[in-house]
There are 2 protein chains.
Amino acid sequence: MLIRIDPASSVPMFEQLAASVRFDASRGTLRPGDRLPSARELAESLDVNVHTVLRAYQLLRDEGLVDLRPGRGAVITVRAASFSDLGEAIPRLVSQARAVGVSVSALTAMIRQEYAA
Amino acid sequence: MLIRIDPASSVPMFEQLAASVRFDASRGTLRPGDRLPSARELAESLDVNVHTVLRAYQLLRDEGLVDLRPGRGAVITVRAASFSDLGEAIPRLVSQARAVGVSVSALTAMIRQEYAA
DNA sequence: CTCTTGTGCTAGTGCAAATAGAACAATAGA
DNA sequence: TCTATTGTTCTATTTGCACTAGCACAAGAG
């Protein structure tokens, strides 16, 4: 479970963190029952504030991806397995967008637009 | 050419504006040679500052979607036509994500992750 | 020549991300 | 039961960015 963070990115760090976990879940690298490192631990290894990590964890909990409890930490839920259905469709779309020369932000913006419709 | 803006959204207004234009370009509603309303004009009709509209226009210019020049305004480029290639793949992925219960922000985050890889 | 339109600049306001520190509550494990 | 671990909650501060505002300027159209 490798987590990389870019503090300079315009994407909030807590979002990057959550994205990383979702990514691993969609790849099967993280499976239901797996336990994420404790917030304090992860915060230290990433040189980031604890609150930032916790915010990411709470976001994932709101999405039903992890179970969060004091003393036990963050555990991947069974629901996370359903994310793997997107593990194929996403790379396909991204490579297609790359081929046409569409930037990340443009692509995500178009998806937001489609989602709202 | 209908442009709607949600000032309360967490997505910046200038991003929403650009997204709207991209969306129309991908649908063929906007074709190469078409001219967008002037920044001052659009700003007034949307009750938004001129700079906000101009920022969106400049973003689209950086993406090569419009040609921008004083006295002439913003004109859709031929390159915009290539966006229509995504006009089918995007709705497919979005509906798939909806079916699995993946939120917009989660989906876009996963795409950013895939793009970076 | 004149109007229109984008460019560039400075300045101020409001909101959200991120940091920091502390007290608290639930859980696991010895 | 006792203890260490871990998430929860709170307040406070700093920082960056979106947005607004007003102005002077330059390029193009007619």
# chains A, B, ... in the order shown; residues from 1 in each chain; ligands from 1
$ interface_residues --of "chain A" --to "chain B" --cutoff "7 Å" --atoms "only C-alpha atoms" --output "PyMOL selection string"
chain A and resi 19+22-23+82+89-91+93-94+100+104+108-115
$ closest_atom_pairs --of "chain A" --to "chain D" --cutoff "10 Å" --atoms "only C-alpha atoms (C1' of nucleotides)" --output "Markdown table"
| residue | atom | partner | partner_atom | distance |
| --- | --- | --- | --- | --- |
| A:Ser10 | CA | D:DC17 | C1' | 9.6 |
| A:Ser38 | CA | D:DT6 | C1' | 7.0 |
| A:Ala39 | CA | D:DT6 | C1' | 8.0 |
| A:Arg40 | CA | D:DT6 | C1' | 8.4 |
| A:Leu54 | CA | D:DG7 | C1' | 8.1 |
| A:Tyr57 | CA | D:DG7 | C1' | 9.8 |
| A:Gln58 | CA | D:DG7 | C1' | 9.7 |
| A:Leu68 | CA | D:DG7 | C1' | 7.2 |
| A:Arg69 | CA | D:DG7 | C1' | 5.7 |
| A:Pro70 | CA | D:DG7 | C1' | 4.0 |
| A:Gly71 | CA | D:DT6 | C1' | 4.1 |
| A:Arg72 | CA | D:DT6 | C1' | 6.3 |
| A:Gly73 | CA | D:DT6 | C1' | 5.9 |
| A:Ala74 | CA | D:DG7 | C1' | 8.9 |
$ write_last_selection --atoms "N, CA and C atoms" --output "JSON list (two decimals), in the first residue's frame"
[["chain", "number", "residue", "atom", "x", "y", "z"],
["A", 10, "SER", "N", -3.18, 21.41, -6.81],
["A", 10, "SER", "CA", -4.37, 22.22, -6.51],
["A", 10, "SER", "C", -5.44, 21.35, -5.87],
["A", 38, "SER", "N", -2.87, 3.76, 11.07],
["A", 38, "SER", "CA", -3.55, 4.73, 11.93],
["A", 38, "SER", "C", -3.27, 6.14, 11.44],
["A", 39, "ALA", "N", -4.21, 7.02, 11.71],
["A", 39, "ALA", "CA", -4.09, 8.40, 11.23],
["A", 39, "ALA", "C", -2.80, 9.06, 11.70],
["A", 40, "ARG", "N", -2.50, 8.87, 12.98],
["A", 40, "ARG", "CA", -1.27, 9.48, 13.52],
["A", 40, "ARG", "C", -0.03, 8.94, 12.82],
["A", 54, "LEU", "N", -7.23, 12.35, 8.95],
["A", 54, "LEU", "CA", -8.53, 11.98, 9.50],
["A", 54, "LEU", "C", -9.67, 12.47, 8.61],
["A", 57, "TYR", "N", -10.03, 10.02, 5.90],
["A", 57, "TYR", "CA", -10.65, 8.80, 6.41],
["A", 57, "TYR", "C", -12.16, 8.99, 6.59],
["A", 58, "GLN", "N", -12.52, 10.15, 7.12],
["A", 58, "GLN", "CA", -13.94, 10.41, 7.34],
["A", 58, "GLN", "C", -14.70, 10.54, 6.03],
["A", 68, "LEU", "N", -14.88, 3.01, 10.44],
["A", 68, "LEU", "CA", -13.98, 3.83, 11.24],
["A", 68, "LEU", "C", -14.40, 3.78, 12.70],
["A", 69, "ARG", "N", -13.47, 3.30, 13.56],
["A", 69, "ARG", "CA", -13.80, 3.28, 15.00],
["A", 69, "ARG", "C", -12.55, 3.49, 15.86],
["A", 70, "PRO", "N", -12.76, 4.21, 16.94],
["A", 70, "PRO", "CA", -11.65, 4.44, 17.87],
["A", 70, "PRO", "C", -11.09, 3.12, 18.38],
["A", 71, "GLY", "N", -9.79, 3.07, 18.49],
["A", 71, "GLY", "CA", -9.12, 1.88, 19.02],
["A", 71, "GLY", "C", -8.89, 0.82, 17.98],
["A", 72, "ARG", "N", -9.63, 0.90, 16.85],
["A", 72, "ARG", "CA", -9.50, -0.14, 15.84],
["A", 72, "ARG", "C", -8.93, 0.39, 14.53],
["A", 73, "GLY", "N", -9.22, 1.68, 14.26],
["A", 73, "GLY", "CA", -8.69, 2.28, 13.03],
["A", 73, "GLY", "C", -9.64, 2.19, 11.86],
["A", 74, "ALA", "N", -9.12, 2.27, 10.66],
["A", 74, "ALA", "CA", -9.93, 2.27, 9.44],
["A", 74, "ALA", "C", -9.82, 0.94, 8.73]]
$ interface_residues --of "chain C" --to "chain B" --cutoff "8 Å" --atoms "only C-alpha atoms (C1' of nucleotides)" --output "list of chain:residue names"
C:DT4, C:DT5, C:DG6
$ select_by_dssp --residues "chain A" --states "helix (DSSP H, G or I)" --output "short mmCIF file (atom, residue, chain, number, x, y, z; two decimals) with N, CA and C atoms, in the first residue's frame"
data_model
loop_
_atom_site.label_atom_id
_atom_site.label_comp_id
_atom_site.auth_asym_id
_atom_site.auth_seq_id
_atom_site.Cartn_x
_atom_site.Cartn_y
_atom_site.Cartn_z
N MET A 13 -5.01 17.91 -0.27
CA MET A 13 -4.29 16.70 0.14
C MET A 13 -5.22 15.63 0.67
N PHE A 14 -6.24 16.02 1.42
CA PHE A 14 -7.15 15.01 1.96
C PHE A 14 -7.89 14.29 0.83
N GLU A 15 -8.10 15.02 -0.29
CA GLU A 15 -8.73 14.41 -1.46
C GLU A 15 -7.78 13.42 -2.13
N GLN A 16 -6.52 13.82 -2.20
CA GLN A 16 -5.51 12.94 -2.80
C GLN A 16 -5.39 11.65 -2.01
N LEU A 17 -5.44 11.82 -0.70
CA LEU A 17 -5.33 10.65 0.17
C LEU A 17 -6.49 9.69 -0.07
N ALA A 18 -7.69 10.24 -0.06
CA ALA A 18 -8.87 9.42 -0.28
C ALA A 18 -8.81 8.77 -1.66
N ALA A 19 -8.36 9.54 -2.65
CA ALA A 19 -8.27 9.02 -4.01
C ALA A 19 -7.33 7.83 -4.08
N SER A 20 -6.25 7.92 -3.34
CA SER A 20 -5.26 6.85 -3.34
C SER A 20 -5.85 5.55 -2.81
N VAL A 21 -6.64 5.67 -1.77
CA VAL A 21 -7.28 4.49 -1.18
C VAL A 21 -8.31 3.90 -2.14
N ARG A 22 -9.12 4.78 -2.75
CA ARG A 22 -10.11 4.33 -3.72
C ARG A 22 -9.43 3.60 -4.87
N PHE A 23 -8.35 4.18 -5.31
CA PHE A 23 -7.59 3.60 -6.41
C PHE A 23 -7.15 2.18 -6.08
N ASP A 24 -6.56 2.03 -4.89
CA ASP A 24 -6.09 0.71 -4.47
C ASP A 24 -7.25 -0.27 -4.30
N ALA A 25 -8.39 0.26 -3.88
CA ALA A 25 -9.56 -0.60 -3.71
C ALA A 25 -10.07 -1.08 -5.07
N SER A 26 -10.03 -0.18 -6.06
CA SER A 26 -10.52 -0.54 -7.39
C SER A 26 -9.58 -1.52 -8.09
N ARG A 27 -8.34 -1.60 -7.60
CA ARG A 27 -7.36 -2.50 -8.20
C ARG A 27 -7.29 -3.83 -7.47
N ALA A 39 -4.21 7.02 11.71
CA ALA A 39 -4.09 8.40 11.23
C ALA A 39 -2.80 9.06 11.70
N ARG A 40 -2.50 8.87 12.98
CA ARG A 40 -1.27 9.48 13.52
C ARG A 40 -0.03 8.94 12.82
N GLU A 41 -0.06 7.64 12.60
CA GLU A 41 1.08 6.98 11.97
C GLU A 41 1.28 7.46 10.53
N LEU A 42 0.19 7.45 9.78
CA LEU A 42 0.25 7.86 8.38
C LEU A 42 0.62 9.34 8.25
N ALA A 43 0.08 10.14 9.16
CA ALA A 43 0.37 11.57 9.13
C ALA A 43 1.86 11.83 9.29
N GLU A 44 2.46 11.06 10.18
CA GLU A 44 3.89 11.27 10.43
C GLU A 44 4.73 10.84 9.24
N SER A 45 4.37 9.71 8.65
CA SER A 45 5.17 9.20 7.54
C SER A 45 5.01 10.06 6.29
N LEU A 46 3.87 10.78 6.20
CA LEU A 46 3.66 11.65 5.04
C LEU A 46 4.04 13.09 5.35
N VAL A 50 -2.29 15.41 11.39
CA VAL A 50 -3.21 14.29 11.67
C VAL A 50 -4.61 14.58 11.17
N HIS A 51 -5.02 15.81 11.35
CA HIS A 51 -6.39 16.20 10.96
C HIS A 51 -6.63 16.02 9.47
N THR A 52 -5.60 16.24 8.70
CA THR A 52 -5.71 16.08 7.25
C THR A 52 -5.99 14.62 6.90
N VAL A 53 -5.26 13.71 7.54
CA VAL A 53 -5.48 12.28 7.30
C VAL A 53 -6.87 11.87 7.77
N LEU A 54 -7.23 12.35 8.95
CA LEU A 54 -8.53 11.98 9.50
C LEU A 54 -9.67 12.47 8.61
N ARG A 55 -9.48 13.63 8.02
CA ARG A 55 -10.51 14.15 7.13
C ARG A 55 -10.69 13.24 5.93
N ALA A 56 -9.59 12.74 5.43
CA ALA A 56 -9.66 11.80 4.30
C ALA A 56 -10.37 10.52 4.72
N TYR A 57 -10.03 10.02 5.90
CA TYR A 57 -10.65 8.80 6.41
C TYR A 57 -12.16 8.99 6.59
N GLN A 58 -12.52 10.15 7.12
CA GLN A 58 -13.94 10.41 7.34
C GLN A 58 -14.70 10.54 6.03
N LEU A 59 -14.01 11.06 5.02
CA LEU A 59 -14.61 11.16 3.69
C LEU A 59 -14.87 9.77 3.14
N LEU A 60 -13.91 8.89 3.31
CA LEU A 60 -14.05 7.51 2.84
C LEU A 60 -15.14 6.78 3.61
N ARG A 61 -15.27 7.11 4.87
CA ARG A 61 -16.33 6.50 5.68
C ARG A 61 -17.70 6.95 5.16
N ASP A 62 -17.81 8.26 4.83
CA ASP A 62 -19.07 8.78 4.31
C ASP A 62 -19.44 8.12 2.99
N VAL A 78 -16.83 -4.32 2.79
CA VAL A 78 -17.12 -5.23 1.68
C VAL A 78 -17.58 -4.44 0.44
N ARG A 79 -18.20 -3.30 0.71
CA ARG A 79 -18.70 -2.48 -0.38
C ARG A 79 -17.59 -2.04 -1.32
N ALA A 80 -16.37 -1.96 -0.80
CA ALA A 80 -15.24 -1.49 -1.60
C ALA A 80 -15.01 -2.38 -2.82
N ALA A 81 -15.43 -3.62 -2.72
CA ALA A 81 -15.21 -4.56 -3.81
C ALA A 81 -15.93 -4.12 -5.08
N SER A 82 -17.07 -3.43 -4.89
CA SER A 82 -17.85 -3.01 -6.06
C SER A 82 -17.11 -1.95 -6.88
N PHE A 83 -16.13 -1.33 -6.25
CA PHE A 83 -15.35 -0.32 -6.96
C PHE A 83 -14.52 -0.94 -8.08
N SER A 84 -14.25 -2.21 -7.92
CA SER A 84 -13.39 -2.86 -8.92
C SER A 84 -14.07 -2.93 -10.28
N ASP A 85 -15.38 -2.73 -10.30
CA ASP A 85 -16.09 -2.73 -11.58
C ASP A 85 -15.62 -1.58 -12.47
N LEU A 86 -15.09 -0.55 -11.83
CA LEU A 86 -14.64 0.61 -12.59
C LEU A 86 -13.15 0.50 -12.94
N GLY A 87 -12.52 -0.50 -12.39
CA GLY A 87 -11.08 -0.66 -12.58
C GLY A 87 -10.67 -0.88 -14.03
N GLU A 88 -11.65 -1.14 -14.89
CA GLU A 88 -11.34 -1.37 -16.29
C GLU A 88 -11.81 -0.20 -17.15
N ALA A 89 -12.99 0.29 -16.83
CA ALA A 89 -13.60 1.36 -17.63
C ALA A 89 -12.82 2.67 -17.53
N ILE A 90 -12.31 2.94 -16.36
CA ILE A 90 -11.58 4.20 -16.16
C ILE A 90 -10.30 4.29 -16.98
N PRO A 91 -9.44 3.28 -16.91
CA PRO A 91 -8.22 3.36 -17.73
C PRO A 91 -8.53 3.50 -19.22
N ARG A 92 -9.61 2.88 -19.65
CA ARG A 92 -9.98 2.95 -21.06
C ARG A 92 -10.32 4.38 -21.47
N LEU A 93 -11.16 5.01 -20.65
CA LEU A 93 -11.55 6.39 -20.95
C LEU A 93 -10.36 7.34 -20.89
N VAL A 94 -9.53 7.14 -19.89
CA VAL A 94 -8.38 8.03 -19.72
C VAL A 94 -7.43 7.95 -20.92
N SER A 95 -7.18 6.75 -21.38
CA SER A 95 -6.27 6.62 -22.51
C SER A 95 -6.88 7.24 -23.76
N GLN A 96 -8.18 7.13 -23.86
CA GLN A 96 -8.88 7.75 -24.99
C GLN A 96 -8.77 9.27 -24.93
N ALA A 97 -8.94 9.80 -23.73
CA ALA A 97 -8.84 11.25 -23.54
C ALA A 97 -7.44 11.73 -23.86
N ARG A 98 -6.46 10.96 -23.42
CA ARG A 98 -5.07 11.31 -23.68
C ARG A 98 -4.82 11.38 -25.19
N ALA A 99 -5.38 10.41 -25.90
CA ALA A 99 -5.16 10.34 -27.34
C ALA A 99 -5.69 11.59 -28.05
N VAL A 100 -6.78 12.13 -27.52
CA VAL A 100 -7.38 13.31 -28.15
C VAL A 100 -6.74 14.59 -27.63
N VAL A 104 -6.42 16.55 -17.85
CA VAL A 104 -7.11 15.93 -16.71
C VAL A 104 -8.26 16.80 -16.25
N SER A 105 -7.97 18.07 -16.04
CA SER A 105 -9.00 18.96 -15.50
C SER A 105 -10.17 19.08 -16.47
N ALA A 106 -9.86 19.10 -17.76
CA ALA A 106 -10.94 19.19 -18.75
C ALA A 106 -11.80 17.94 -18.70
N LEU A 107 -11.14 16.80 -18.59
CA LEU A 107 -11.87 15.54 -18.56
C LEU A 107 -12.76 15.43 -17.32
N THR A 108 -12.20 15.74 -16.19
CA THR A 108 -12.98 15.66 -14.95
C THR A 108 -14.13 16.66 -14.97
N ALA A 109 -13.88 17.81 -15.57
CA ALA A 109 -14.94 18.81 -15.66
C ALA A 109 -16.09 18.32 -16.53
N MET A 110 -15.75 17.64 -17.62
CA MET A 110 -16.78 17.13 -18.51
C MET A 110 -17.59 16.04 -17.82
N ILE A 111 -16.91 15.29 -16.97
CA ILE A 111 -17.60 14.23 -16.23
C ILE A 111 -18.56 14.82 -15.20
N ARG A 112 -18.09 15.85 -14.53
CA ARG A 112 -18.98 16.54 -13.59
C ARG A 112 -20.22 17.04 -14.32
N GLN A 113 -19.99 17.60 -15.50
CA GLN A 113 -21.08 18.14 -16.30
C GLN A 113 -22.08 17.04 -16.66
N GLU A 114 -21.55 15.89 -17.04
CA GLU A 114 -22.40 14.76 -17.43
C GLU A 114 -23.15 14.22 -16.21
N TYR A 115 -22.47 14.21 -15.09
CA TYR A 115 -23.08 13.71 -13.86
C TYR A 115 -24.25 14.57 -13.44
N ALA A 116 -24.11 15.88 -13.65
CA ALA A 116 -25.15 16.82 -13.25
C ALA A 116 -26.36 16.72 -14.17
#
$ select_by_dssp --residues "chain A" --states "strand (DSSP E or B)" --output "list of chain:residue names"
A:Arg35, A:Val66, A:Asp67, A:Leu68, A:Arg69, A:Gly73, A:Ala74, A:Val75, A:Ile76
$ atom_distance --atom1 "atom C1' of C:DG12" --atom2 "atom CA of B:Ser9"
22.7 Å
$ atom_distance --atom1 "atom CA of B:Asp6" --atom2 "atom CA of A:Asp6"
28.9 Å
$ atom_distance --atom1 "atom CA of B:Val48" --atom2 "atom CA of B:Pro12"
12.2 Å
$ decode --residues "chain C" --atoms "N, CA and C atoms (P, O5', C5', C4', C3', O3' and C1' of nucleotides)" --output "short mmCIF file (atom, residue, chain, number, x, y, z; two decimals), in the first residue's frame"
data_model
loop_
_atom_site.label_atom_id
_atom_site.label_comp_id
_atom_site.auth_asym_id
_atom_site.auth_seq_id
_atom_site.Cartn_x
_atom_site.Cartn_y
_atom_site.Cartn_z
P DC C 1 -7.27 59.75 -36.85
"O5'" DC C 1 -8.74 59.70 -36.30
"C5'" DC C 1 -9.76 60.27 -37.14
"C4'" DC C 1 -11.08 59.63 -36.81
"C3'" DC C 1 -11.31 59.44 -35.30
"O3'" DC C 1 -12.65 59.79 -35.01
"C1'" DC C 1 -11.51 57.35 -36.41
P DT C 2 -13.00 60.05 -33.43
"O5'" DT C 2 -13.82 58.73 -33.11
"C5'" DT C 2 -14.91 58.36 -33.97
"C4'" DT C 2 -15.46 57.01 -33.54
"C3'" DT C 2 -15.47 56.77 -32.03
"O3'" DT C 2 -16.69 56.16 -31.68
"C1'" DT C 2 -14.33 55.01 -33.07
P DC C 3 -17.18 56.24 -30.15
"O5'" DC C 3 -17.74 54.75 -29.98
"C5'" DC C 3 -18.47 54.15 -31.05
"C4'" DC C 3 -18.23 52.65 -31.06
"C3'" DC C 3 -18.33 51.98 -29.68
"O3'" DC C 3 -19.26 50.91 -29.75
"C1'" DC C 3 -16.33 51.33 -30.78
P DT C 4 -19.70 50.12 -28.40
"O5'" DT C 4 -18.93 48.74 -28.57
"C5'" DT C 4 -18.98 48.06 -29.82
"C4'" DT C 4 -17.96 46.95 -29.86
"C3'" DT C 4 -17.93 46.09 -28.57
"O3'" DT C 4 -18.11 44.73 -28.93
"C1'" DT C 4 -15.73 46.76 -29.19
P DT C 5 -18.26 43.61 -27.78
"O5'" DT C 5 -16.76 43.14 -27.56
"C5'" DT C 5 -16.05 42.53 -28.65
"C4'" DT C 5 -14.67 42.15 -28.19
"C3'" DT C 5 -14.65 41.56 -26.78
"O3'" DT C 5 -14.04 40.29 -26.75
"C1'" DT C 5 -13.03 43.27 -26.98
P DG C 6 -13.98 39.48 -25.34
"O5'" DG C 6 -12.41 39.36 -25.10
"C5'" DG C 6 -11.61 38.70 -26.08
"C4'" DG C 6 -10.17 39.13 -25.94
"C3'" DG C 6 -9.47 38.61 -24.68
"O3'" DG C 6 -8.14 38.21 -25.01
"C1'" DG C 6 -9.34 40.96 -24.73
P DT C 7 -7.18 37.72 -23.80
"O5'" DT C 7 -6.42 39.06 -23.39
"C5'" DT C 7 -5.50 39.64 -24.32
"C4'" DT C 7 -4.53 40.56 -23.59
"C3'" DT C 7 -3.90 39.96 -22.33
"O3'" DT C 7 -2.50 40.20 -22.35
"C1'" DT C 7 -4.91 42.03 -21.81
P DG C 8 -1.57 39.50 -21.24
"O5'" DG C 8 -1.48 40.63 -20.11
"C5'" DG C 8 -1.08 41.94 -20.46
"C4'" DG C 8 -1.15 42.85 -19.25
"C3'" DG C 8 -0.76 42.17 -17.93
"O3'" DG C 8 0.36 42.85 -17.37
"C1'" DG C 8 -2.75 43.44 -17.68
P DC C 9 1.05 42.29 -16.04
"O5'" DC C 9 0.50 43.25 -14.90
"C5'" DC C 9 0.66 44.67 -15.05
"C4'" DC C 9 -0.23 45.42 -14.07
"C3'" DC C 9 -0.23 44.85 -12.66
"O3'" DC C 9 0.78 45.49 -11.89
"C1'" DC C 9 -2.42 45.56 -13.39
P DT C 10 1.05 45.02 -10.37
"O5'" DT C 10 -0.06 45.81 -9.53
"C5'" DT C 10 -0.28 47.19 -9.74
"C4'" DT C 10 -1.43 47.67 -8.85
"C3'" DT C 10 -1.36 47.10 -7.43
"O3'" DT C 10 -1.52 48.13 -6.47
"C1'" DT C 10 -3.47 46.60 -8.40
P DA C 11 -1.33 47.78 -4.90
"O5'" DA C 11 -2.82 47.52 -4.40
"C5'" DA C 11 -3.85 48.41 -4.78
"C4'" DA C 11 -5.17 47.97 -4.17
"C3'" DA C 11 -5.01 47.24 -2.84
"O3'" DA C 11 -5.86 47.82 -1.87
"C1'" DA C 11 -6.33 45.96 -4.34
P DG C 12 -5.78 47.33 -0.33
"O5'" DG C 12 -7.20 46.67 -0.11
"C5'" DG C 12 -8.37 47.32 -0.61
"C4'" DG C 12 -9.53 46.34 -0.62
"C3'" DG C 12 -9.65 45.51 0.66
"O3'" DG C 12 -10.97 45.60 1.17
"C1'" DG C 12 -9.64 44.10 -1.25
P DT C 13 -11.31 44.93 2.60
"O5'" DT C 13 -12.22 43.69 2.20
"C5'" DT C 13 -13.25 43.85 1.22
"C4'" DT C 13 -13.91 42.50 0.98
"C3'" DT C 13 -14.09 41.66 2.26
"O3'" DT C 13 -15.41 41.19 2.33
"C1'" DT C 13 -12.97 40.41 0.59
P DG C 14 -15.91 40.44 3.66
"O5'" DG C 14 -16.00 38.91 3.20
"C5'" DG C 14 -16.65 38.60 1.97
"C4'" DG C 14 -16.47 37.11 1.67
"C3'" DG C 14 -16.64 36.22 2.91
"O3'" DG C 14 -17.47 35.12 2.58
"C1'" DG C 14 -14.53 35.83 1.87
P DC C 15 -17.87 34.04 3.69
"O5'" DC C 15 -17.14 32.73 3.16
"C5'" DC C 15 -17.22 32.40 1.78
"C4'" DC C 15 -16.24 31.29 1.46
"C3'" DC C 15 -16.24 30.15 2.48
"O3'" DC C 15 -16.24 28.91 1.81
"C1'" DC C 15 -14.05 30.98 2.21
P DA C 16 -16.62 27.55 2.60
"O5'" DA C 16 -15.36 26.61 2.30
"C5'" DA C 16 -14.81 26.56 0.99
"C4'" DA C 16 -13.39 26.06 1.06
"C3'" DA C 16 -13.19 24.85 1.98
"O3'" DA C 16 -12.28 23.96 1.38
"C1'" DA C 16 -11.78 26.60 2.68
P DA C 17 -12.10 22.50 1.98
"O5'" DA C 17 -10.52 22.33 1.95
"C5'" DA C 17 -9.78 22.84 0.85
"C4'" DA C 17 -8.34 23.04 1.25
"C3'" DA C 17 -7.72 21.87 2.01
"O3'" DA C 17 -6.43 21.62 1.51
"C1'" DA C 17 -7.52 23.86 3.29
P DA C 18 -5.64 20.27 1.92
"O5'" DA C 18 -4.77 20.72 3.17
"C5'" DA C 18 -3.80 21.73 2.98
"C4'" DA C 18 -3.31 22.20 4.33
"C3'" DA C 18 -2.95 21.09 5.32
"O3'" DA C 18 -1.54 21.03 5.47
"C1'" DA C 18 -4.08 22.92 6.35
P DT C 19 -0.89 20.03 6.56
"O5'" DT C 19 -0.71 20.97 7.84
"C5'" DT C 19 -0.03 22.23 7.70
"C4'" DT C 19 -0.08 22.99 9.00
"C3'" DT C 19 0.38 22.17 10.23
"O3'" DT C 19 1.50 22.81 10.82
"C1'" DT C 19 -1.68 23.31 10.66
P DA C 20 2.36 22.01 11.93
"O5'" DA C 20 1.57 22.35 13.27
"C5'" DA C 20 1.31 23.71 13.59
"C4'" DA C 20 0.53 23.79 14.90
"C3'" DA C 20 0.83 22.65 15.89
"O3'" DA C 20 1.49 23.20 17.03
"C1'" DA C 20 -1.51 23.12 15.73
P DG C 21 2.09 22.22 18.18
"O5'" DG C 21 0.95 22.20 19.28
"C5'" DG C 21 0.35 23.41 19.69
"C4'" DG C 21 -0.85 23.13 20.57
"C3'" DG C 21 -0.67 21.96 21.54
"O3'" DG C 21 -0.99 22.38 22.85
"C1'" DG C 21 -2.71 21.75 20.37
P DA C 22 -0.60 21.44 24.11
"O5'" DA C 22 -2.03 20.99 24.64
"C5'" DA C 22 -3.04 21.98 24.82
"C4'" DA C 22 -4.41 21.31 24.82
"C3'" DA C 22 -4.51 20.09 25.73
"O3'" DA C 22 -5.21 20.44 26.92
"C1'" DA C 22 -5.66 19.82 23.63
P DA C 23 -5.28 19.40 28.15
"O5'" DA C 23 -6.74 18.75 27.99
"C5'" DA C 23 -7.86 19.62 27.90
"C4'" DA C 23 -9.07 18.83 27.44
"C3'" DA C 23 -9.38 17.59 28.28
"O3'" DA C 23 -10.76 17.56 28.61
"C1'" DA C 23 -9.25 17.01 26.00
P DC C 24 -11.41 16.42 29.49
"O5'" DC C 24 -12.03 15.39 28.43
"C5'" DC C 24 -12.98 15.88 27.48
"C4'" DC C 24 -13.39 14.75 26.54
"C3'" DC C 24 -13.70 13.43 27.24
"O3'" DC C 24 -15.04 13.06 26.94
"C1'" DC C 24 -12.29 13.09 25.35
P DA C 25 -15.70 11.77 27.68
"O5'" DA C 25 -15.70 10.69 26.51
"C5'" DA C 25 -16.35 10.99 25.27
"C4'" DA C 25 -16.24 9.79 24.33
"C3'" DA C 25 -16.62 8.46 24.98
"O3'" DA C 25 -17.23 7.63 24.01
"C1'" DA C 25 -14.37 8.38 24.29
P DA C 26 -18.14 6.38 24.45
"O5'" DA C 26 -17.54 5.22 23.54
"C5'" DA C 26 -17.46 5.42 22.13
"C4'" DA C 26 -16.36 4.54 21.55
"C3'" DA C 26 -16.48 3.06 21.93
"O3'" DA C 26 -16.32 2.28 20.76
"C1'" DA C 26 -14.31 3.85 22.39
P DT C 27 -17.01 0.86 20.62
"O5'" DT C 27 -15.75 -0.10 20.43
"C5'" DT C 27 -14.79 0.23 19.44
"C4'" DT C 27 -13.42 -0.28 19.81
"C3'" DT C 27 -13.37 -1.72 20.29
"O3'" DT C 27 -12.96 -2.53 19.19
"C1'" DT C 27 -11.81 -0.29 21.41
P DA C 28 -12.78 -4.09 19.35
"O5'" DA C 28 -11.22 -4.18 19.73
"C5'" DA C 28 -10.28 -3.45 18.95
"C4'" DA C 28 -8.87 -3.76 19.43
"C3'" DA C 28 -8.61 -5.23 19.75
"O3'" DA C 28 -7.32 -5.59 19.28
"C1'" DA C 28 -8.23 -3.89 21.69
P DG C 29 -6.86 -7.10 19.31
"O5'" DG C 29 -5.90 -7.13 20.58
"C5'" DG C 29 -4.86 -6.17 20.70
"C4'" DG C 29 -4.18 -6.30 22.05
"C3'" DG C 29 -4.00 -7.75 22.52
"O3'" DG C 29 -2.71 -7.88 23.11
"C1'" DG C 29 -5.13 -6.52 24.17
P DA C 30 -2.18 -9.34 23.52
"O5'" DA C 30 -1.55 -9.05 24.96
"C5'" DA C 30 -0.71 -7.92 25.13
"C4'" DA C 30 -0.65 -7.54 26.60
"C3'" DA C 30 -0.25 -8.68 27.54
"O3'" DA C 30 0.56 -8.19 28.58
"C1'" DA C 30 -2.37 -7.87 28.16
#
